[in-house]
Amino acid sequence: MLTADDKKLILQIWEKVLGHQEDFGAEALERMFATYPQTKTYFPHFDLQHGSAQVKGHGKKVAAALVEAANHIDDIAGALSKLSDLHAQKLRVDPVNFKLLGQCFLVVVAIHHPSVLTPEVHASLDKFLCAVGNVLTAKYR
Amino acid sequence: MVHWTAEEKQLITSLWGKVNVEECGAEALARLLIVYPWTQRFFDNFGNLSSPTAIIGNPKVRAHGKKVLTSFGEAVKNLENLKATYAKLSELHCEKLHVDPENFRLLGDILIIVLAAHFTKDFTPACQATWQKLVGVVAHALAYKYH
């Protein structure tokens with residue numbers, strides 16, 4: 001459950017991410033593919049080499065969704081409702097993978113903003129990413 | 001038996017050589033207790049864990065973090081033989097400490113974040129992949145003797 005303090009910390013870190021969110025999204029994906037090769041099975045149609053335009057484009061989409069969620073932090077389910085439908089009906093990405101991408105996103109934030117990722121911010125951001133994952137898989141069954 | 005490429009071994013030992021085990025261990029354990037507060041269940045006798053500040057400043061947390069990461073150093077020295085290296089610790093965590101092995105995975109994930117924050121751009125995707133593999137294999141070895 002996201003508390004008022006969580007929301008404050010999330011918006012704080014988001015200020016640092018804004019402006020770089022597309023790069024962060026792409027880097028998180030690249031790291032996910034390198035660290036958890038099984039995640040590549042969802043992208044057989046992509047060029048997954050370093051610098052791939054497709055990965056950049058997809059990172060931009062993922063980042064945009066996270067920004068949308070952060071901007072509607074009191075109603076993430078509402079904000080991501082269409083994306084939730086898409087994942088349930090068409091994409092059907094196994095729920096375990098959202099944690100893996102979340103971990104990589106945290107790594108990217110840690111690398112680019114180590115001093116901002118205090119333990120409290122880390123906790124709140126982890127909760128936020130879990131909440132987003134839960135919303136995206138909520139309609140699976 | 002886990003297979004390590006020459007590159008993976010290089011990435012592990014070169015990074016480990018630059019890790020301050022005491023600081024890194026303390027931070028990793030503190031973050032585990034803060035980010036996943038239910039993990040505090042194992043540390044009733046550690047005193048004040050009532051806030052992130054209390055946890056970070058808690059001397060028992062620091063000491064135990066150092067102990068845990070020092071033990072991790074044994075993994076780095078025995079990459080070809082992790083199950084044997086952790087056999088006794090695995091039995092201890094099962095029979096005496098009663099720790100759900102999921103907690104080893106949580107701590108592993110936290111350690112990755114701590115390393116990322118510390119080494120920033122040097123923590124390349126290849127480095128992250130290798131170290132995520134290592135923490136996974138250590139977690140597996142620690143769970144191996146569970147019954």
# chains A, B, ... in the order shown; residues from 1 in each chain; ligands from 1

$ residues_around --residues "stretch 15-19 of chain A" --least-positions-apart "4" --cutoff "9 Å" --atoms "only C-alpha atoms" --output "PyMOL selection string"
chain A and resi 10-11+23-24+67+109+113+116

$ write_last_selection --atoms "C-alpha atoms" --output "PDB file, in the first residue's frame"
ATOM      1  CA  ILE A  10       8.296   8.730  -5.475  1.00  0.00           C
ATOM      2  CA  LEU A  11       7.481  12.143  -6.911  1.00  0.00           C
ATOM      3  CA  ASP A  23      17.037   6.449 -21.706  1.00  0.00           C
ATOM      4  CA  PHE A  24      16.322   4.916 -18.331  1.00  0.00           C
ATOM      5  CA  VAL A  67       5.391   8.476 -15.757  1.00  0.00           C
ATOM      6  CA  VAL A 109      18.236   4.647 -10.860  1.00  0.00           C
ATOM      7  CA  HIS A 113      21.341   8.831  -8.957  1.00  0.00           C
ATOM      8  CA  VAL A 116      19.077  10.151  -4.214  1.00  0.00           C
TER       9      VAL A 116
END

$ select_by_dssp --residues "stretch 45-89 of chain B" --states "helix (DSSP H, G or I)" --output "VMD selection string"
chain B and resid 45 to 46 52 to 57 59 to 77 82 to 85 87 to 89

$ closest_atom_pairs --of "stretch 66-106 of chain B" --to "stretch 15-22 of chain B" --cutoff "9 Å" --atoms "only C-alpha atoms" --output "CSV"
residue,atom,partner,partner_atom,distance
B:Lys66,CA,B:Glu22,CA,4.6
B:Lys67,CA,B:Glu22,CA,8.1
B:Leu69,CA,B:Val21,CA,6.1
B:Thr70,CA,B:Val21,CA,6.4
B:Gly73,CA,B:Trp16,CA,7.9
B:Val76,CA,B:Trp16,CA,7.7

$ interface_residues --of "chain A" --to "chain B" --cutoff "6 Å" --atoms "only C-alpha atoms" --output "PDB file with N, CA, C and O atoms, in the first residue's frame"
ATOM      1  N   ARG A  31      19.344  -4.126 -19.601  1.00  0.00           N
ATOM      2  CA  ARG A  31      19.875  -4.859 -18.444  1.00  0.00           C
ATOM      3  C   ARG A  31      19.031  -6.087 -18.134  1.00  0.00           C
ATOM      4  O   ARG A  31      19.549  -7.133 -17.746  1.00  0.00           O
ATOM      5  N   ALA A  34      19.971  -8.813 -20.528  1.00  0.00           N
ATOM      6  CA  ALA A  34      21.299  -9.366 -20.229  1.00  0.00           C
ATOM      7  C   ALA A  34      21.270 -10.230 -18.968  1.00  0.00           C
ATOM      8  O   ALA A  34      21.898 -11.281 -18.898  1.00  0.00           O
ATOM      9  N   THR A  35      20.535  -9.750 -17.960  1.00  0.00           N
ATOM     10  CA  THR A  35      20.551 -10.416 -16.653  1.00  0.00           C
ATOM     11  C   THR A  35      19.604 -11.604 -16.592  1.00  0.00           C
ATOM     12  O   THR A  35      19.876 -12.592 -15.922  1.00  0.00           O
ATOM     13  N   VAL A 107      18.135  -0.678 -10.484  1.00  0.00           N
ATOM     14  CA  VAL A 107      19.577  -0.650 -10.751  1.00  0.00           C
ATOM     15  C   VAL A 107      19.932   0.594 -11.556  1.00  0.00           C
ATOM     16  O   VAL A 107      20.899   1.291 -11.254  1.00  0.00           O
ATOM     17  N   ALA A 110      19.830   3.559  -9.380  1.00  0.00           N
ATOM     18  CA  ALA A 110      20.981   3.504  -8.466  1.00  0.00           C
ATOM     19  C   ALA A 110      22.255   3.968  -9.162  1.00  0.00           C
ATOM     20  O   ALA A 110      23.082   4.661  -8.570  1.00  0.00           O
ATOM     21  N   ILE A 111      22.395   3.598 -10.425  1.00  0.00           N
ATOM     22  CA  ILE A 111      23.599   3.938 -11.158  1.00  0.00           C
ATOM     23  C   ILE A 111      23.656   5.432 -11.466  1.00  0.00           C
ATOM     24  O   ILE A 111      24.698   6.070 -11.350  1.00  0.00           O
ATOM     25  N   PRO A 114      22.806   7.654  -7.396  1.00  0.00           N
ATOM     26  CA  PRO A 114      23.050   6.866  -6.183  1.00  0.00           C
ATOM     27  C   PRO A 114      22.733   7.628  -4.903  1.00  0.00           C
ATOM     28  O   PRO A 114      22.194   7.048  -3.961  1.00  0.00           O
ATOM     29  N   PRO A 119      17.775   4.561   1.395  1.00  0.00           N
ATOM     30  CA  PRO A 119      16.963   3.390   1.725  1.00  0.00           C
ATOM     31  C   PRO A 119      15.460   3.687   1.716  1.00  0.00           C
ATOM     32  O   PRO A 119      14.680   2.856   1.235  1.00  0.00           O
ATOM     33  N   ALA A 123      12.843   1.948  -0.842  1.00  0.00           N
ATOM     34  CA  ALA A 123      11.663   1.208  -0.395  1.00  0.00           C
ATOM     35  C   ALA A 123      10.418   1.695  -1.126  1.00  0.00           C
ATOM     36  O   ALA A 123       9.623   0.894  -1.632  1.00  0.00           O
TER      37      ALA A 123
END

$ closest_residue --among "A:Leu125, A:Ala26, A:Gln103, A:Glu120" --to "B:Gly108" --atoms "only C-alpha atoms"
A:Gln103

$ atom_distance --atom1 "atom CA of A:Lys127" --atom2 "atom CA of B:Leu97"
27.5 Å

$ atom_distance --atom1 "atom CA of B:Ala6" --atom2 "atom CA of B:Glu23"
28.1 Å

$ residues_around --residues "A:Gly57" --least-positions-apart "4" --cutoff "12 Å" --atoms "only C-alpha atoms" --output "list of chain:residue names"
A:Gln21, A:Glu22, A:Asp23, A:Phe24, A:Gly25, A:Ala26, A:Glu27, A:Leu29, A:Glu30, A:Phe46, A:Asp47, A:Leu48, A:Gly51, A:Ser52, A:Ala53, A:Lys61, A:Val62, A:Ala63, A:Ala64

$ write_last_selection --atoms "N, CA and C atoms" --output "PDB file, in the first residue's frame"
ATOM      1  N   GLN A  21      13.758   9.814 -18.892  1.00  0.00           N
ATOM      2  CA  GLN A  21      13.002   8.580 -18.661  1.00  0.00           C
ATOM      3  C   GLN A  21      13.125   7.611 -19.822  1.00  0.00           C
ATOM      4  N   GLU A  22      13.260   8.119 -21.046  1.00  0.00           N
ATOM      5  CA  GLU A  22      13.362   7.199 -22.183  1.00  0.00           C
ATOM      6  C   GLU A  22      14.663   6.424 -22.135  1.00  0.00           C
ATOM      7  N   ASP A  23      15.742   7.133 -21.818  1.00  0.00           N
ATOM      8  CA  ASP A  23      17.037   6.449 -21.706  1.00  0.00           C
ATOM      9  C   ASP A  23      17.011   5.437 -20.579  1.00  0.00           C
ATOM     10  N   PHE A  24      16.394   5.826 -19.469  1.00  0.00           N
ATOM     11  CA  PHE A  24      16.322   4.916 -18.331  1.00  0.00           C
ATOM     12  C   PHE A  24      15.515   3.683 -18.690  1.00  0.00           C
ATOM     13  N   GLY A  25      14.421   3.904 -19.420  1.00  0.00           N
ATOM     14  CA  GLY A  25      13.578   2.784 -19.834  1.00  0.00           C
ATOM     15  C   GLY A  25      14.357   1.821 -20.711  1.00  0.00           C
ATOM     16  N   ALA A  26      15.062   2.359 -21.683  1.00  0.00           N
ATOM     17  CA  ALA A  26      15.840   1.525 -22.605  1.00  0.00           C
ATOM     18  C   ALA A  26      16.947   0.786 -21.857  1.00  0.00           C
ATOM     19  N   GLU A  27      17.613   1.489 -20.947  1.00  0.00           N
ATOM     20  CA  GLU A  27      18.709   0.854 -20.212  1.00  0.00           C
ATOM     21  C   GLU A  27      18.178  -0.260 -19.312  1.00  0.00           C
ATOM     22  N   LEU A  29      15.575  -2.095 -19.849  1.00  0.00           N
ATOM     23  CA  LEU A  29      15.266  -3.240 -20.712  1.00  0.00           C
ATOM     24  C   LEU A  29      16.535  -3.979 -21.109  1.00  0.00           C
ATOM     25  N   GLU A  30      17.551  -3.219 -21.529  1.00  0.00           N
ATOM     26  CA  GLU A  30      18.813  -3.846 -21.945  1.00  0.00           C
ATOM     27  C   GLU A  30      19.386  -4.693 -20.803  1.00  0.00           C
ATOM     28  N   PHE A  46      12.384  -8.610 -32.101  1.00  0.00           N
ATOM     29  CA  PHE A  46      13.204  -7.419 -31.856  1.00  0.00           C
ATOM     30  C   PHE A  46      14.671  -7.687 -32.135  1.00  0.00           C
ATOM     31  N   ASP A  47      15.357  -6.657 -32.590  1.00  0.00           N
ATOM     32  CA  ASP A  47      16.813  -6.654 -32.543  1.00  0.00           C
ATOM     33  C   ASP A  47      17.188  -6.257 -31.114  1.00  0.00           C
ATOM     34  N   LEU A  48      17.857  -7.149 -30.401  1.00  0.00           N
ATOM     35  CA  LEU A  48      18.138  -6.884 -28.988  1.00  0.00           C
ATOM     36  C   LEU A  48      19.584  -6.497 -28.732  1.00  0.00           C
ATOM     37  N   GLY A  51      22.068  -0.750 -28.247  1.00  0.00           N
ATOM     38  CA  GLY A  51      21.781   0.400 -29.095  1.00  0.00           C
ATOM     39  C   GLY A  51      20.607   0.211 -30.035  1.00  0.00           C
ATOM     40  N   SER A  52      19.960  -0.930 -29.940  1.00  0.00           N
ATOM     41  CA  SER A  52      18.835  -1.217 -30.841  1.00  0.00           C
ATOM     42  C   SER A  52      17.764  -0.134 -30.785  1.00  0.00           C
ATOM     43  N   ALA A  53      17.339   0.296 -31.965  1.00  0.00           N
ATOM     44  CA  ALA A  53      16.297   1.322 -32.038  1.00  0.00           C
ATOM     45  C   ALA A  53      14.975   0.785 -31.493  1.00  0.00           C
ATOM     46  N   LYS A  61       8.251   3.613 -24.382  1.00  0.00           N
ATOM     47  CA  LYS A  61       6.857   3.255 -24.047  1.00  0.00           C
ATOM     48  C   LYS A  61       6.734   2.882 -22.580  1.00  0.00           C
ATOM     49  N   VAL A  62       7.666   2.048 -22.125  1.00  0.00           N
ATOM     50  CA  VAL A  62       7.639   1.583 -20.729  1.00  0.00           C
ATOM     51  C   VAL A  62       7.778   2.777 -19.793  1.00  0.00           C
ATOM     52  N   ALA A  63       8.722   3.669 -20.118  1.00  0.00           N
ATOM     53  CA  ALA A  63       8.952   4.840 -19.273  1.00  0.00           C
ATOM     54  C   ALA A  63       7.714   5.730 -19.237  1.00  0.00           C
ATOM     55  N   ALA A  64       7.072   5.893 -20.399  1.00  0.00           N
ATOM     56  CA  ALA A  64       5.871   6.735 -20.461  1.00  0.00           C
ATOM     57  C   ALA A  64       4.785   6.191 -19.543  1.00  0.00           C
TER      58      ALA A  64
END

$ atom_distance --atom1 "atom CA of A:Cys130" --atom2 "atom CA of B:His140"
24.0 Å

$ closest_residue --among "A:Leu83, A:Val55, A:Ala28, A:Leu2" --to "A:Glu68" --atoms "only C-alpha atoms"
A:Leu83

$ decode --residues "stretch 74-111 of chain A" --atoms "N, CA and C atoms" --output "PDB file, in the first residue's frame"
ATOM      1  N   ASP A  74      -2.559   8.242  -7.205  1.00  0.00           N
ATOM      2  CA  ASP A  74      -3.693   7.863  -6.345  1.00  0.00           C
ATOM      3  C   ASP A  74      -4.645   6.917  -7.056  1.00  0.00           C
ATOM      4  N   ASP A  75      -4.443   6.748  -8.345  1.00  0.00           N
ATOM      5  CA  ASP A  75      -5.308   5.817  -9.079  1.00  0.00           C
ATOM      6  C   ASP A  75      -4.522   5.199 -10.237  1.00  0.00           C
ATOM      7  N   ILE A  76      -3.536   4.385  -9.866  1.00  0.00           N
ATOM      8  CA  ILE A  76      -2.683   3.753 -10.877  1.00  0.00           C
ATOM      9  C   ILE A  76      -3.518   2.805 -11.733  1.00  0.00           C
ATOM     10  N   ALA A  77      -4.469   2.118 -11.091  1.00  0.00           N
ATOM     11  CA  ALA A  77      -5.321   1.166 -11.826  1.00  0.00           C
ATOM     12  C   ALA A  77      -6.121   1.866 -12.912  1.00  0.00           C
ATOM     13  N   GLY A  78      -6.625   3.035 -12.582  1.00  0.00           N
ATOM     14  CA  GLY A  78      -7.387   3.816 -13.564  1.00  0.00           C
ATOM     15  C   GLY A  78      -6.487   4.298 -14.690  1.00  0.00           C
ATOM     16  N   ALA A  79      -5.343   4.832 -14.306  1.00  0.00           N
ATOM     17  CA  ALA A  79      -4.417   5.401 -15.292  1.00  0.00           C
ATOM     18  C   ALA A  79      -3.904   4.342 -16.265  1.00  0.00           C
ATOM     19  N   LEU A  80      -3.691   3.125 -15.790  1.00  0.00           N
ATOM     20  CA  LEU A  80      -3.099   2.075 -16.631  1.00  0.00           C
ATOM     21  C   LEU A  80      -4.122   1.025 -17.059  1.00  0.00           C
ATOM     22  N   SER A  81      -5.399   1.376 -16.967  1.00  0.00           N
ATOM     23  CA  SER A  81      -6.445   0.395 -17.249  1.00  0.00           C
ATOM     24  C   SER A  81      -6.305  -0.223 -18.644  1.00  0.00           C
ATOM     25  N   LYS A  82      -6.063   0.621 -19.648  1.00  0.00           N
ATOM     26  CA  LYS A  82      -5.945   0.079 -21.016  1.00  0.00           C
ATOM     27  C   LYS A  82      -4.713  -0.822 -21.136  1.00  0.00           C
ATOM     28  N   LEU A  83      -3.627  -0.413 -20.533  1.00  0.00           N
ATOM     29  CA  LEU A  83      -2.408  -1.231 -20.556  1.00  0.00           C
ATOM     30  C   LEU A  83      -2.630  -2.551 -19.838  1.00  0.00           C
ATOM     31  N   SER A  84      -3.419  -2.493 -18.778  1.00  0.00           N
ATOM     32  CA  SER A  84      -3.743  -3.700 -18.029  1.00  0.00           C
ATOM     33  C   SER A  84      -4.533  -4.664 -18.913  1.00  0.00           C
ATOM     34  N   ASP A  85      -5.500  -4.115 -19.668  1.00  0.00           N
ATOM     35  CA  ASP A  85      -6.268  -4.940 -20.621  1.00  0.00           C
ATOM     36  C   ASP A  85      -5.334  -5.571 -21.645  1.00  0.00           C
ATOM     37  N   LEU A  86      -4.454  -4.761 -22.189  1.00  0.00           N
ATOM     38  CA  LEU A  86      -3.519  -5.233 -23.218  1.00  0.00           C
ATOM     39  C   LEU A  86      -2.670  -6.396 -22.717  1.00  0.00           C
ATOM     40  N   HIS A  87      -2.151  -6.253 -21.497  1.00  0.00           N
ATOM     41  CA  HIS A  87      -1.302  -7.315 -20.956  1.00  0.00           C
ATOM     42  C   HIS A  87      -2.096  -8.576 -20.680  1.00  0.00           C
ATOM     43  N   ALA A  88      -3.361  -8.430 -20.278  1.00  0.00           N
ATOM     44  CA  ALA A  88      -4.186  -9.605 -19.953  1.00  0.00           C
ATOM     45  C   ALA A  88      -4.636 -10.325 -21.211  1.00  0.00           C
ATOM     46  N   GLN A  89      -5.023  -9.551 -22.222  1.00  0.00           N
ATOM     47  CA  GLN A  89      -5.653 -10.163 -23.386  1.00  0.00           C
ATOM     48  C   GLN A  89      -4.663 -10.518 -24.475  1.00  0.00           C
ATOM     49  N   LYS A  90      -3.669  -9.657 -24.670  1.00  0.00           N
ATOM     50  CA  LYS A  90      -2.791  -9.874 -25.813  1.00  0.00           C
ATOM     51  C   LYS A  90      -1.378 -10.295 -25.399  1.00  0.00           C
ATOM     52  N   LEU A  91      -0.751  -9.509 -24.529  1.00  0.00           N
ATOM     53  CA  LEU A  91       0.667  -9.735 -24.264  1.00  0.00           C
ATOM     54  C   LEU A  91       0.917 -10.928 -23.344  1.00  0.00           C
ATOM     55  N   ARG A  92       0.117 -11.047 -22.307  1.00  0.00           N
ATOM     56  CA  ARG A  92       0.169 -12.174 -21.363  1.00  0.00           C
ATOM     57  C   ARG A  92       1.607 -12.483 -20.909  1.00  0.00           C
ATOM     58  N   VAL A  93       2.295 -11.427 -20.520  1.00  0.00           N
ATOM     59  CA  VAL A  93       3.635 -11.574 -19.951  1.00  0.00           C
ATOM     60  C   VAL A  93       3.497 -12.205 -18.569  1.00  0.00           C
ATOM     61  N   ASP A  94       4.205 -13.281 -18.319  1.00  0.00           N
ATOM     62  CA  ASP A  94       4.073 -13.928 -17.007  1.00  0.00           C
ATOM     63  C   ASP A  94       4.378 -12.930 -15.883  1.00  0.00           C
ATOM     64  N   PRO A  95       3.537 -12.929 -14.846  1.00  0.00           N
ATOM     65  CA  PRO A  95       3.680 -11.948 -13.770  1.00  0.00           C
ATOM     66  C   PRO A  95       5.074 -11.860 -13.156  1.00  0.00           C
ATOM     67  N   VAL A  96       5.813 -12.952 -13.142  1.00  0.00           N
ATOM     68  CA  VAL A  96       7.125 -12.920 -12.503  1.00  0.00           C
ATOM     69  C   VAL A  96       8.073 -11.904 -13.163  1.00  0.00           C
ATOM     70  N   ASN A  97       7.821 -11.634 -14.442  1.00  0.00           N
ATOM     71  CA  ASN A  97       8.741 -10.770 -15.185  1.00  0.00           C
ATOM     72  C   ASN A  97       8.673  -9.292 -14.795  1.00  0.00           C
ATOM     73  N   PHE A  98       7.556  -8.863 -14.226  1.00  0.00           N
ATOM     74  CA  PHE A  98       7.462  -7.461 -13.827  1.00  0.00           C
ATOM     75  C   PHE A  98       8.431  -7.158 -12.693  1.00  0.00           C
ATOM     76  N   LYS A  99       8.640  -8.175 -11.820  1.00  0.00           N
ATOM     77  CA  LYS A  99       9.622  -7.985 -10.737  1.00  0.00           C
ATOM     78  C   LYS A  99      11.026  -7.850 -11.317  1.00  0.00           C
ATOM     79  N   LEU A 100      11.283  -8.618 -12.365  1.00  0.00           N
ATOM     80  CA  LEU A 100      12.622  -8.611 -12.953  1.00  0.00           C
ATOM     81  C   LEU A 100      12.904  -7.248 -13.594  1.00  0.00           C
ATOM     82  N   LEU A 101      11.934  -6.712 -14.313  1.00  0.00           N
ATOM     83  CA  LEU A 101      12.125  -5.390 -14.915  1.00  0.00           C
ATOM     84  C   LEU A 101      12.223  -4.328 -13.818  1.00  0.00           C
ATOM     85  N   GLY A 102      11.407  -4.488 -12.771  1.00  0.00           N
ATOM     86  CA  GLY A 102      11.462  -3.549 -11.639  1.00  0.00           C
ATOM     87  C   GLY A 102      12.853  -3.511 -11.019  1.00  0.00           C
ATOM     88  N   GLN A 103      13.449  -4.694 -10.828  1.00  0.00           N
ATOM     89  CA  GLN A 103      14.798  -4.780 -10.266  1.00  0.00           C
ATOM     90  C   GLN A 103      15.776  -4.015 -11.165  1.00  0.00           C
ATOM     91  N   CYS A 104      15.662  -4.199 -12.462  1.00  0.00           N
ATOM     92  CA  CYS A 104      16.578  -3.525 -13.390  1.00  0.00           C
ATOM     93  C   CYS A 104      16.357  -2.020 -13.394  1.00  0.00           C
ATOM     94  N   PHE A 105      15.114  -1.608 -13.249  1.00  0.00           N
ATOM     95  CA  PHE A 105      14.830  -0.174 -13.187  1.00  0.00           C
ATOM     96  C   PHE A 105      15.483   0.438 -11.951  1.00  0.00           C
ATOM     97  N   LEU A 106      15.394  -0.272 -10.824  1.00  0.00           N
ATOM     98  CA  LEU A 106      16.049   0.195  -9.591  1.00  0.00           C
ATOM     99  C   LEU A 106      17.558   0.300  -9.791  1.00  0.00           C
ATOM    100  N   VAL A 107      18.135  -0.678 -10.484  1.00  0.00           N
ATOM    101  CA  VAL A 107      19.577  -0.650 -10.751  1.00  0.00           C
ATOM    102  C   VAL A 107      19.932   0.594 -11.556  1.00  0.00           C
ATOM    103  N   VAL A 108      19.120   0.903 -12.572  1.00  0.00           N
ATOM    104  CA  VAL A 108      19.395   2.074 -13.415  1.00  0.00           C
ATOM    105  C   VAL A 108      19.346   3.358 -12.579  1.00  0.00           C
ATOM    106  N   VAL A 109      18.332   3.461 -11.722  1.00  0.00           N
ATOM    107  CA  VAL A 109      18.236   4.647 -10.860  1.00  0.00           C
ATOM    108  C   VAL A 109      19.440   4.703  -9.912  1.00  0.00           C
ATOM    109  N   ALA A 110      19.830   3.559  -9.380  1.00  0.00           N
ATOM    110  CA  ALA A 110      20.981   3.504  -8.466  1.00  0.00           C
ATOM    111  C   ALA A 110      22.255   3.968  -9.162  1.00  0.00           C
ATOM    112  N   ILE A 111      22.395   3.598 -10.425  1.00  0.00           N
ATOM    113  CA  ILE A 111      23.599   3.938 -11.158  1.00  0.00           C
ATOM    114  C   ILE A 111      23.656   5.432 -11.466  1.00  0.00           C
TER     115      ILE A 111
END
